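Right, one structure below, let's go through it.
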There are 2 protein chains.
Amino acid sequence: MARTPRKPAPISAVAELAGVSVSTVSRVMNRNATVDPEIASRVRKAAVTLNYAPNPLARSLVLGKTTTVAILVPDLANPTFQSMMRGVSRAAAKDGYRILVADSGEIASEESILAIEMRRRCDAIVLCAPRMAEDLLADLLPALAPAVLINRDNAGTRTPVLTADYEAGVRPLAEHLYGLGHRRMAFLQGNPESASNAARLRGLAQFSATHPDTELTTIECGTAFESGHEAAAEIAGSGYTGILAFNDLVAMGLLSGLAELGVRVPEDISVTGFDDIPLARYTTPPLTTASVPVVELGEQAWLRLHALLREETPAFDVNYRPRLEVRGSTGPVASRR
Amino acid sequence: MARTPRKPAPISAVAELAGVSVSTVSRVMNRNATVDPEIASRVRKAAVTLNYAPNPLARSLVLGKTTTVAILVPDLANPTFQSMMRGVSRAAAKDGYRILVADSGEIASEESILAIEMRRRCDAIVLCAPRMAEDLLADLLPALAPAVLINRDNAGTRTPVLTADYEAGVRPLAEHLYGLGHRRMAFLQGNPESASNAARLRGLAQFSATHPDTELTTIECGTAFESGHEAAAEIAGSGYTGILAFNDLVAMGLLSGLAELGVRVPEDISVTGFDDIPLARYTTPPLTTASVPVVELGEQAWLRLHALLREETPAFDVNYRPRLEVRGSTGPVASRR
DNA sequence: AGAAACTGAGAAAGCGTTTCCTGAGCCGTC
DNA sequence: GACGGCTCAGGAAACGCTTTCTCAGTTTCT
């Protein structure tokens, strides 16, 4: 005899075995008190015998909830989104929710459709779509509610928003380099269309405005290691002494590229990253960066969603101010010349 | 008038608007040809007007499939599992499947329950549970089918298995160090209970057996950066010249720790990792490691699952042999005594 | 012309639950 | 002893869809 029945038994089988109606089994399973203890225990025994567990699909259909939330990110290969996702996942798990993930693969055109499709299988969605056009987003958000948006403005909707303040975060980085004596700096920019790149640019413009003695050039780069790595050659001969990389990935690629070229960091060139990904403190030299609490962003996203799902008022939107994390990749400007 | 109706309309609303029966709408939506073209277009128009999309839950319930697969990993913070998950996710997405993810948070006791619960919401599951007891796994797998197991033996079941050959993979690493002249080596071991740690140990034992002139010590360490970082002090003064880290994370931590202590890599000490995570080539120096195609492992896992879901015979189990990736973190043993 | 075959739409069953409603049985009260 | 009020189990509707069955109407064949 099979210890564990092959196919999950439906509730009707349990009802039959226990000699009661389906409704009664349901009541027992849902701890509805209005059931005779004697019958209840008979039902429970039958349920155990048949290894019964309610079909979550059927349950969801009638209950109108799935205890699942969707999370859509642009790229699962990016440590930032990975951490964010982990934050959501762990926080949601504590409340018994599972998560359905997808990356839009940077394909903006499919993003809306993907989001809607995922949303329909779930109770809510965490959306991270830095490049989606504002008007598209405005159309999309109402159809997605309850939803929480990460790292961008909610386009006039009431969607809770959690952001990192890239604009404010980049300034201390530039100030830090300035304080070390750097007067020729370059910003390795990411995707010019992304909201967070624009924010960094704004922050740097403010820096430039207050530091007219400093040259600060923007250089097209990208957002991945490879981009930073490739940029190394251009940087090495450029005369820039302080490099603000778009993010830690780019900074690490740059660090690696510079090392190959024999350029010393921070003696010859100082490099800063952004995000403070888990590995940032273990590069050689450890990376000076602006720390963004991405995991917490994810956790807070879940908290907002959870409130929404319970029809409560979600906590206030918050804009996390990145924290300057000074490590070994920055140092005083070289005195040679 | 609302451009997009608030609540998704049920199929009955479409039927009513189009003046046909629900069955007809269903037939139209599922491209069943036996519908008058004139009626079909009327139905389609009604569907568009109401912004109709079939409820996936209801659809799943009647169809008995969800076009979703579960994936359970021990730790979402680990780049290896992240890449694996990405492999599964991207491959499954191409076939229109979504993925439900969870990390068991290293809590082995809950793992079975979690797996079963997730599995019930999906059509199949990819299981990555390196530390689950063999007998538990043997009980679990039949209840999970269709399933694919990653990086461990299927305990006598017919579950397809995809593995990396850690045992074979670690030897070339040791041989490589040996070839560079290293005769005093240490293995920084991970979790002694994990299958993949045991495999590495076996591989190293074989190496030792064939190289009696080489000292190879096993040192308790761990699997994260921090572990490697903390181990640096012990390693620095030890006299070991070749260090085999459990994985790239540990190696990177070690690299960072050694750099802080002023120990030069590879001049003073050579370090190897394992896995070839995306960042491994961008450390300074770039990490010599054994490359494991984790993304492909994930993709292949999906392929097996997909075959199983179509009741086809899945491709053969495969054991990926890691490839030695020589980079800058290893070099000839120092000639000083 | 009549039977057979075909077309295509509606009715209904079913997927596995939960929950509302109904009503049988019991207790207590007047 | 009849009746109101409880308690508690079963019936049935509902969730939103797919699919099989049925059948009316039309076409084709002899």
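Identifiers for the structure tokens are assigned positionally: chains receive A, B, ... in sequence, residues are indexed from 1 per chain, and ligands are indexed from 1 in the order shown.
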
*Shell of 9 Å around region 149-153 of chain A, only C-alpha atoms (C1' of nucleotides), local chain residues under 4 positions omitted, as an MDAnalysis selection string*: chainID A and resid 125:130 134 141 159:165 195:196 297:298 301 319

Once you have the residues from the selection above, write them out as a PDB file, in the first residue's frame, restricted to C-alpha atoms.
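Everything below was put into out.pdb:
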```pdb
ATOM      1  CA  ILE A 125       2.853  43.466  -7.830  1.00  0.00           C
ATOM      2  CA  VAL A 126       6.173  45.127  -7.161  1.00  0.00           C
ATOM      3  CA  LEU A 127       7.234  46.975 -10.241  1.00  0.00           C
ATOM      4  CA  CYS A 128      10.731  47.983 -11.059  1.00  0.00           C
ATOM      5  CA  ALA A 129      10.746  49.484 -14.512  1.00  0.00           C
ATOM      6  CA  PRO A 130      13.260  52.297 -14.626  1.00  0.00           C
ATOM      7  CA  GLU A 134       6.074  58.007 -18.078  1.00  0.00           C
ATOM      8  CA  LEU A 141      -0.405  51.594 -12.740  1.00  0.00           C
ATOM      9  CA  THR A 159       0.841  54.020  -6.031  1.00  0.00           C
ATOM     10  CA  PRO A 160       3.224  53.808  -3.095  1.00  0.00           C
ATOM     11  CA  VAL A 161       6.757  54.506  -4.111  1.00  0.00           C
ATOM     12  CA  LEU A 162      10.096  53.524  -2.666  1.00  0.00           C
ATOM     13  CA  THR A 163      13.160  55.164  -4.031  1.00  0.00           C
ATOM     14  CA  ALA A 164      16.808  55.709  -3.505  1.00  0.00           C
ATOM     15  CA  ASP A 165      17.838  59.309  -3.848  1.00  0.00           C
ATOM     16  CA  ALA A 195      15.455  57.698 -14.478  1.00  0.00           C
ATOM     17  CA  SER A 196      18.269  56.951 -12.089  1.00  0.00           C
ATOM     18  CA  LEU A 297      13.782  48.704  -0.259  1.00  0.00           C
ATOM     19  CA  GLY A 298      12.420  45.289  -1.134  1.00  0.00           C
ATOM     20  CA  ALA A 301       7.902  47.342  -0.714  1.00  0.00           C
ATOM     21  CA  ASN A 319      13.259  58.173  -0.407  1.00  0.00           C
TER      22      ASN A 319
END
```

Using only C-alpha atoms (C1' of nucleotides), find which residues of chain C lie within 9 Å of chain B and jot them down as a PDB file with N, CA and C atoms (P, O5', C5', C4', C3', O3' and C1' of nucleotides), in the first residue's frame.
```pdb
ATOM      1  P    DT C   7     -18.469  20.114 -42.170  1.00  0.00           P
ATOM      2  O5'  DT C   7     -19.193  21.437 -41.683  1.00  0.00           O
ATOM      3  C5'  DT C   7     -20.563  21.571 -41.946  1.00  0.00           C
ATOM      4  C4'  DT C   7     -21.069  22.915 -41.448  1.00  0.00           C
ATOM      5  C3'  DT C   7     -20.201  23.686 -40.464  1.00  0.00           C
ATOM      6  O3'  DT C   7     -20.345  25.078 -40.729  1.00  0.00           O
ATOM      7  C1'  DT C   7     -22.221  22.991 -39.382  1.00  0.00           C
ATOM      8  P    DG C   8     -19.357  26.178 -40.002  1.00  0.00           P
ATOM      9  O5'  DG C   8     -20.193  26.542 -38.700  1.00  0.00           O
ATOM     10  C5'  DG C   8     -21.508  27.069 -38.867  1.00  0.00           C
ATOM     11  C4'  DG C   8     -22.172  27.097 -37.519  1.00  0.00           C
ATOM     12  C3'  DG C   8     -21.301  27.679 -36.394  1.00  0.00           C
ATOM     13  O3'  DG C   8     -22.114  28.521 -35.626  1.00  0.00           O
ATOM     14  C1'  DG C   8     -22.143  25.627 -35.734  1.00  0.00           C
ATOM     15  P    DA C   9     -21.460  29.730 -34.803  1.00  0.00           P
ATOM     16  O5'  DA C   9     -22.458  29.822 -33.587  1.00  0.00           O
ATOM     17  C5'  DA C   9     -23.849  30.006 -33.864  1.00  0.00           C
ATOM     18  C4'  DA C   9     -24.656  29.392 -32.741  1.00  0.00           C
ATOM     19  C3'  DA C   9     -24.215  29.847 -31.359  1.00  0.00           C
ATOM     20  O3'  DA C   9     -25.352  30.273 -30.625  1.00  0.00           O
ATOM     21  C1'  DA C   9     -24.272  27.480 -31.460  1.00  0.00           C
ATOM     22  P    DG C  10     -25.180  31.082 -29.247  1.00  0.00           P
ATOM     23  O5'  DG C  10     -25.915  30.073 -28.251  1.00  0.00           O
ATOM     24  C5'  DG C  10     -27.230  29.627 -28.572  1.00  0.00           C
ATOM     25  C4'  DG C  10     -27.574  28.435 -27.708  1.00  0.00           C
ATOM     26  C3'  DG C  10     -27.370  28.656 -26.211  1.00  0.00           C
ATOM     27  O3'  DG C  10     -28.475  28.085 -25.532  1.00  0.00           O
ATOM     28  C1'  DG C  10     -26.173  26.751 -26.893  1.00  0.00           C
ATOM     29  P    DG C  14     -20.648  15.855 -14.314  1.00  0.00           P
ATOM     30  O5'  DG C  14     -19.228  16.531 -14.116  1.00  0.00           O
ATOM     31  C5'  DG C  14     -18.313  16.541 -15.221  1.00  0.00           C
ATOM     32  C4'  DG C  14     -17.251  17.559 -14.950  1.00  0.00           C
ATOM     33  C3'  DG C  14     -16.802  17.615 -13.482  1.00  0.00           C
ATOM     34  O3'  DG C  14     -15.412  17.375 -13.427  1.00  0.00           O
ATOM     35  C1'  DG C  14     -17.159  19.779 -14.347  1.00  0.00           C
ATOM     36  P    DC C  15     -14.760  16.824 -12.080  1.00  0.00           P
ATOM     37  O5'  DC C  15     -13.531  17.790 -11.865  1.00  0.00           O
ATOM     38  C5'  DC C  15     -12.657  18.166 -12.909  1.00  0.00           C
ATOM     39  C4'  DC C  15     -12.008  19.458 -12.514  1.00  0.00           C
ATOM     40  C3'  DC C  15     -11.933  19.636 -10.995  1.00  0.00           C
ATOM     41  O3'  DC C  15     -10.672  19.162 -10.530  1.00  0.00           O
ATOM     42  C1'  DC C  15     -12.597  21.660 -12.139  1.00  0.00           C
ATOM     43  P    DG C  16     -10.626  18.148  -9.278  1.00  0.00           P
ATOM     44  O5'  DG C  16     -10.728  19.154  -8.039  1.00  0.00           O
ATOM     45  C5'  DG C  16      -9.678  20.072  -7.841  1.00  0.00           C
ATOM     46  C4'  DG C  16     -10.092  21.056  -6.784  1.00  0.00           C
ATOM     47  C3'  DG C  16     -10.561  20.406  -5.480  1.00  0.00           C
ATOM     48  O3'  DG C  16      -9.869  21.050  -4.442  1.00  0.00           O
ATOM     49  C1'  DG C  16     -12.143  21.991  -6.221  1.00  0.00           C
TER      50       DG C  16
END
```

*Exercise answer, chain A residues close to chain B, 9 Å and only C-alpha atoms, as a ChimeraX atom specification*: /A:4-7,55-58,60-61,66,68,70,76-77,79,82-83,85-86,89-90,93,98-103,105,117-118,120-121,142-143,225,229,249,252-257,259-260,278-279,281-286

*Would you list the contacts of DT27 (chain D) as a ChimeraX atom specification, taking every protein, DNA or RNA residue within 12 Å and counting only C-alpha atoms (C1' of nucleotides), but skipping same-chain residues closer than 6 positions in sequence?*
/C:4-7

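Residues in contact with DA3 (chain C) at up to 12 Å, not including ones fewer than 4 positions away on its chain and judged by only C-alpha atoms (C1' of nucleotides), are DT28, DC29 and DT30 of chain D.
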
At most 10 Å is the cut-off: for each residue in chain D with any atom that close to an atom of chain A, write down the nearest atom pair and the distance in Å rounded to one decimal, counting only C-alpha atoms (C1' of nucleotides), chain first then increasing number, as a tab-separated table.
```
residue	atom	partner	partner_atom	distance
D:DT7	C1'	A:Thr34	CA	7.9
D:DC8	C1'	A:Thr34	CA	6.2
D:DA9	C1'	A:Thr24	CA	6.9
D:DG10	C1'	A:Ser21	CA	6.1
D:DG11	C1'	A:Ser21	CA	9.1
D:DA14	C1'	A:Val62	CA	7.8
D:DC15	C1'	A:Val62	CA	4.5
D:DG16	C1'	A:Leu61	CA	7.9
```

Keeping C-alpha atoms (C1' of nucleotides) for every residue in the selection just given, could you write it to a file as a CSV table (one decimal), in the first residue's frame?
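Listing of again28.csv after writing:
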```csv
chain,number,residue,atom,x,y,z
D,7,DT,C1',-26.8,24.0,17.1
D,8,DC,C1',-24.9,22.0,13.5
D,9,DA,C1',-24.8,19.3,9.0
D,10,DG,C1',-26.1,19.1,4.2
D,11,DG,C1',-27.5,21.2,-0.3
D,14,DA,C1',-20.8,30.8,-6.8
D,15,DC,C1',-15.9,31.7,-8.4
D,16,DG,C1',-14.6,31.9,-14.1
```
